[in-house]
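Remarks on the structure that follows.
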Amino acid sequence: VNNLHHYQVDVLYSVIDMQLQELNHCFNEVITRLLICMSSLCPSKSFEAFKVDDIIELATFYPEEFPTPYDSLELELKRYIVDVSGDKEFAILKDIKDLCKKMVETKKNEIYPNVYLLVKLVLILPVATSTVERAFSAMKLIKSVLRNKLGDDFMHDCLVSYVEKDILEGISNDTIIARFQAMKPRKTQHPRFRAERKAATKEEEMGRLQWMEALLPLGIIAGMLCIAGNVQYTIHKAAHGRPKHIGNDMWDVAMERRDKKIVDQTLNN
């Protein structure tokens, strides 16, 4: 036994067997078959991997969307592959994502609705699966032995905070503290917000004082105008026997002249 045989048989083959075992644990027969059926929708190399039987088997994983029998789905798949395989726009596509876009652009999603639904399900499946896996992985870290009595609501909040780290990085600590303080009245408040509230209260008091200082001269001016108007009213009434008209127009002036002329003629007669 030489070194090449040792590293090739005893080391390399052992590592390959371990990796295969790990992959088999991650991908059982059902998942492997599902991936094979998903690959049948790939448009690369002019739909070389397209197989009607595999796609119908893929539909069996979604019984609510595709109820049995599958005769109509089979006919639609056959018409679909004849249509797109002869189309030059679909011949250059590389993956299922491009296929979905091209079907929408060419309105083939309306002609082949079941095929388009399968394409959408294939695109959504990896995202949904990875999200669930991330949630379960986070649950193992959050609900530890020391936190085995977490309630459902609190654990849900902790999971959301742990899984959606990218979103929470854009929220500042001050925003979180302000939200927490505004949820309900508390006996004590955060020192920073206590100081900020005192400063805001002081600014409000200063604003009220400024308004009072501005209203004082306005009140004095308004009082002087009222006094001047009353004095004018009293003097005009004492001199002419009636208050002075305010805002007389040409008609009022003509009527006053007529009344004065009638009074003078009466006195002369």
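Chain labels run A, B, ... following the order of the structure tokens; each chain numbers its residues from 1, and ligands are numbered from 1 in the order shown.
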Selection near Lys94 in chain A, 12 Å with only C-alpha atoms, sequence-local residues under 6 positions removed, as a VMD selection string:
chain A and resid 39 41 to 48 100 to 102
Test item, helix (DSSP H, G or I) assignment across range 5-140 of chain A, answer as number ranges by chain
A: 5-26, 29-39, 44-47, 52-59, 71-85, 88-91, 96-105, 108-111, 113-140
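Picture a line from CA of Val163 in chain A to CA of Lys149 in chain A; it runs 20.5 Å.
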Env of Glu89 in chain A: 10 Å cut, atoms = only C-alpha atoms, seq-sep filter 3 positions within chain, self excluded. Answer as a PDB file with C-alpha atoms, in the first residue's frame.
ATOM      1  CA  VAL A  84     -42.723  27.378 -27.419  1.00  0.00           C
ATOM      2  CA  SER A  85     -40.190  24.989 -28.946  1.00  0.00           C
ATOM      3  CA  GLY A  86     -40.759  26.574 -32.353  1.00  0.00           C
ATOM      4  CA  ILE A  92     -32.624  31.761 -26.067  1.00  0.00           C
ATOM      5  CA  LEU A  93     -33.953  31.384 -22.533  1.00  0.00           C
ATOM      6  CA  LEU A  99     -39.344  31.653 -18.877  1.00  0.00           C
ATOM      7  CA  LYS A 102     -41.235  35.761 -21.326  1.00  0.00           C
ATOM      8  CA  THR A 106     -45.944  37.221 -24.888  1.00  0.00           C
TER       9      THR A 106
END
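Residues surrounding Leu121 in chain A within 12 Å are Leu34, Met38, Leu41, Ile55, Leu58, Ala59, Phe61, Tyr62, Glu65, Phe66, Ile96, Lys97, Cys100, Asn114, Val115, Val127, Ala128 and Thr129 of chain A [only C-alpha atoms; sequence separation below 6 positions excluded].
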